[in-house]
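What follows is one structure encoded as structure tokens, with my remarks underneath.
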Amino acid sequence: MQQSVPQIINNYAANIDYLKKTSKGATWLMGVSYNYTNTDNDTRQDKLIDGEFVMDSKQTNHFIYKENILGIYLNYERKLTEKLSGKIGARYEMTRSTGDILGKTGFERNYNNLLPYLNLNYAINSDHNLSYTFSSRIRRPRFWELNPSRTYFTPTNYTQNNPFVMAAKFYNQELNYMYKNAFYANLNYTMVDDAAASDLLPLQGILTTPQTDKNGNIIYGPNGDMLMQKIKFLRYIRTNYGKNREISLTLGMNKSWFKDIWTTNYSVNLGYIVYTGGVWQDPTSQLGLYESEELEPYIVDVKNYNMSATLNNIIRLSSKKDWFLGVNYYFGSKVAMEGGTIGVRQSLDINVKKIIGDWTVVAEVNDLFNQSFYSVNGIQPNGKYNNITNFNYPRVFSIGVTYNFGNQKLKKAREMKSANDAVKSRT
């Protein structure tokens with residue numbers, strides 16, 4: 001087979017902000033944003049039949065996706081007392097989108113979301129600070145995930161994108177304690193509705209289809225009955241499955257020692273996750289004449305404790321502050337996800353940096369011992385399993401050279417934010 005999967009994305013975005021500071025020290029921010037995106041995905045897939053490539057009509061799709069997002073937001077920020085300050089706000093989003101697989105099918109999706117925000121900060125004294133934040137957001141699928149195309153590993157094992165994936169809704173609560181601006185503890189609770197797996201979900205099944213000769217003609221038996229064949233397949237699909245809940249505690253430190261010779265940034269994360277739901281049908285199935293499909297349901301029922309640690313060190317090697325050594329280590333325990341249990345991951349990174357005037361030279365080795373490869377083991381209640389090992393040779397040696405132009409003492413008046421930053425992250 002051969003495949004062409006072009007994607008053209010056109011996005012137009014604008015936003016208007018109005019900022020008002022009052023005499024009582026309060027700050028109002030209100031604004032309107034608009035995003036229009038049009039994607040054109042003209043996927044062509046051909047099969048090799050009798051020495052010639054012939055278009056596969058089932059997997060050849062011309063998909064046009066249009067999305068309009070109008071957002072209205074209002075924030076109010078104020079210092080209530082000498083120790084207590086707060087910020088409250090909300091964003092209202094109206095989304096109108098259409099998807100058309102030309103000549104086959106289409107859909108229209110309209111939904112509205114109210115996304116509140118609250119932050120309270122209490123400065124107990126100069127050494128202790130306590131804050132609470134509630135936030136909400138929408139995670140929309142990336143545009144290439146919506147393109148209904150397949151990527152084949154074998155004729156019966158492939159990934160399947162899904163134009164019917166819905167946006168997931170995130171609600172997050174966070175309690176943070178800071179001591180001397182160096183040591184911190186963070187307690188976090190996240191709820192996700194209409195959750196879509198961070199990775200692909202495996203769907204196993206059997207396709208019943210007529211037997212054909214090398215020219216694609218259906219084969220009939222002696223009595224005139226159509227001869228059928230059953231083909232097992234493993235299809236990895238992007239789709240919504242249900243909801244997840246996660247609570248985590250992070251303990252960390254960001255501090256310099258011995259007159260800034262040694263700078264440390266350490267953190268340890270302890271978590272407990274619950275994922276529930278399942279996938280019982282595949283909206284992307286495209287069955288031909290006389291074909292039928294039996295799909296094994298994929299059940300998501302995960303409860304799991306996990307732990308990770310990050311240890312970052314920067315050591316100044318010279319009194320002139322021009323030589324630095326970086327030693328970073330990451331450890332991640334086994335963690336159960338929607339698609340299975342991810343194995344232990346580790347990574348030791350080492351870098352040396354030299355500053356020569358406006359020049360910076362960095363030599364770095366990432367994952368010195370090749371330990372951060374991706375391994376997943378999953379099993380379903382019915383005994384079906386999904387095991388994946390993706391060893392992508394994570395050990396990398398690199399040398400980087402940077403030159404800084406202009407007056408390095410100048411600072412920007414303020415950082416400009418593009419109106420379509422959220423859209424860019426989905427490409």
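By convention in this document, the chains of the structure tokens carry letters A, B, ... by their order, each chain's residues are numbered from 1, and ligands are numbered from 1 in the order they are shown.
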Find the spatial neighbours of stretch 128-139 of chain A, counting only C-alpha atoms, within a cut-off of 8 Å - ignore same-chain residues fewer than 3 positions away - and output them as a PDB file with C-alpha atoms, in the first residue's frame.
```pdb
ATOM      1  CA  LEU A 115     -14.786  28.000  32.990  1.00  0.00           C
ATOM      2  CA  PRO A 116     -14.464  29.611  36.457  1.00  0.00           C
ATOM      3  CA  TYR A 117     -11.207  30.535  38.191  1.00  0.00           C
ATOM      4  CA  LEU A 118     -10.367  31.387  41.826  1.00  0.00           C
ATOM      5  CA  ASN A 119      -7.092  32.092  43.590  1.00  0.00           C
ATOM      6  CA  LEU A 120      -6.522  33.051  47.228  1.00  0.00           C
ATOM      7  CA  ASN A 121      -3.072  33.862  48.584  1.00  0.00           C
ATOM      8  CA  TYR A 122      -2.276  34.250  52.295  1.00  0.00           C
ATOM      9  CA  ALA A 123       1.161  35.504  53.370  1.00  0.00           C
ATOM     10  CA  ILE A 124       1.391  34.141  56.910  1.00  0.00           C
ATOM     11  CA  ASN A 125       4.699  35.952  57.457  1.00  0.00           C
ATOM     12  CA  ALA A 167     -13.232  18.040  23.997  1.00  0.00           C
ATOM     13  CA  ALA A 168     -12.272  16.942  27.518  1.00  0.00           C
ATOM     14  CA  LYS A 169     -13.149  19.137  30.523  1.00  0.00           C
ATOM     15  CA  PHE A 170     -10.532  19.591  33.296  1.00  0.00           C
ATOM     16  CA  TYR A 171     -11.281  20.860  36.810  1.00  0.00           C
ATOM     17  CA  ASN A 172      -8.307  21.364  39.101  1.00  0.00           C
ATOM     18  CA  GLN A 173      -7.894  22.280  42.783  1.00  0.00           C
ATOM     19  CA  GLU A 174      -4.486  23.077  44.197  1.00  0.00           C
ATOM     20  CA  LEU A 175      -3.270  23.884  47.717  1.00  0.00           C
ATOM     21  CA  ASN A 176       0.292  25.171  47.862  1.00  0.00           C
ATOM     22  CA  TYR A 177       2.583  25.920  50.824  1.00  0.00           C
ATOM     23  CA  MET A 178       5.907  27.746  50.399  1.00  0.00           C
ATOM     24  CA  TYR A 179       8.638  28.137  53.023  1.00  0.00           C
ATOM     25  CA  LYS A 180      11.315  30.819  52.561  1.00  0.00           C
TER      26      LYS A 180
END
```
| message | Please list as JSON, numbers by chain every residue within 10 Å of A:Thr154, counting only C-alpha atoms and excluding residues in the same chain fewer than 3 positions away. | response | {"A": [151, 157, 158, 233, 234]}
| task | Might you pull out every residue within 12 Å of A:Lys424, with only C-alpha atoms counted and same-chain residues fewer than 6 positions away left off, and present them as JSON, numbers by chain? | result | {"A": [9, 10, 11, 12, 13, 35, 37, 140, 142, 143, 418]}
Keeping C-alpha atoms, export the residues of the selection given above as a tab-separated table (two decimals), in the first residue's frame.
```tsv
chain	number	residue	atom	x	y	z
A	9	ILE	CA	-4.39	24.40	8.50
A	10	ASN	CA	-5.56	28.00	8.20
A	11	ASN	CA	-6.22	29.89	11.43
A	12	TYR	CA	-7.44	33.44	12.01
A	13	ALA	CA	-7.48	34.79	15.54
A	35	ASN	CA	-10.58	31.85	16.71
A	37	THR	CA	-9.75	27.40	11.98
A	140	ARG	CA	-9.64	19.98	22.49
A	142	ARG	CA	-5.25	18.22	18.05
A	143	PHE	CA	-6.18	18.80	14.44
A	418	SER	CA	-0.40	35.70	20.53
```
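Of the residues under consideration (A:Leu249, A:Val327, A:Ile64, A:Leu207), A:Ile64 shows the shortest atom-to-atom contact distance to A:Asn147 when counting only C-alpha atoms.
Near A:Tyr330, within 7 Å and counting only C-alpha atoms, sit Ala309, Thr310, Leu311, Gln346, Ser347 and Leu348 of chain A; same-chain residues fewer than 6 positions away were not included.
Distance check against A:Gln380 using only C-alpha atoms: of A:Val302, A:Ile49, A:Ile101, A:Ala182, the minimum falls on A:Val302.
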So that I can check the surroundings of A:Arg150, please list as a compact mmCIF listing (two decimals) with N, CA and C atoms, in the first residue's frame every protein, DNA and RNA residue that reaches within 8 Å of it, counting only C-alpha atoms and ignoring chain neighbours fewer than 5 positions away.
```txt
# COMPACT_ATOMS: atom_id res chain seq x y z
N GLN A 59 -10.43 3.85 2.65
CA GLN A 59 -9.45 4.60 3.44
C GLN A 59 -9.01 5.89 2.76
N TYR A 158 -2.87 -1.27 13.19
CA TYR A 158 -2.75 0.10 12.71
C TYR A 158 -3.32 1.07 13.74
N THR A 159 -2.96 2.34 13.62
CA THR A 159 -3.57 3.40 14.42
C THR A 159 -4.67 4.06 13.60
N GLN A 160 -5.70 4.52 14.29
CA GLN A 160 -6.87 5.11 13.64
C GLN A 160 -7.20 6.44 14.30
N ASN A 161 -7.11 7.54 13.54
CA ASN A 161 -7.56 8.83 14.05
C ASN A 161 -9.09 8.88 14.04
```
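Summary of the local environment: counting only C-alpha atoms, residues at most 12 Å from A:Tyr385, other than itself and those fewer than 6 positions away along its chain, are Leu201, Pro202, Leu203, Gln204, Leu234, Glu296, Tyr298, Ile299, Gly339, Gly340, Thr341, Val376, Asn377, Gly378 and Ile379 of chain A.
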| query | Where in stretch 239-336 of chain A does DSSP assign strand (DSSP E or B), given as a VMD selection string? | reply | chain A and resid 240 to 257 262 to 279 292 to 295 298 to 316 323 to 332 335 to 336
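Of the residues under consideration (A:Tyr65, A:Asp349, A:Pro297, A:Asn312), A:Pro297 shows the shortest atom-to-atom contact distance to A:Asn382 when counting only C-alpha atoms.
Here atom CA of A:Gly271 is placed at a distance of 18.4 Å from atom CA of A:Ala195.
Candidate residues A:Thr264, A:Gln281, A:Asp322, A:Thr208 were compared for distance to A:Gly252, and the nearest is A:Thr264, using only C-alpha atoms.
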| For A:Asp225, which residue among A:Thr360, A:Ser267, A:Gln211, A:Ser256 is the nearest when counting only C-alpha atoms? | A:Gln211
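Atom CA of A:Asn112 sits 24.6 Å away from atom CA of A:Thr276.
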Among stretch 67-160 of chain A, which residues does DSSP mark as helix (DSSP H, G or I) when it is run on the backbone? Keep the chain and numbering as in the structure and answer as a PDB file with C-alpha atoms, in the first residue's frame.
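Written file, result-v4.pdb:
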```
ATOM      1  CA  PHE A 143      -6.182  18.797  14.439  1.00  0.00           C
ATOM      2  CA  TRP A 144      -4.237  15.844  13.056  1.00  0.00           C
ATOM      3  CA  GLU A 145      -6.005  13.564  15.557  1.00  0.00           C
ATOM      4  CA  LEU A 146      -9.323  14.499  13.907  1.00  0.00           C
TER       5      LEU A 146
END
```
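Nearest residue to A:Ser319 among A:Asn269, A:Asp301, A:Ile8, A:Asp260 is A:Asp260, counting only C-alpha atoms.
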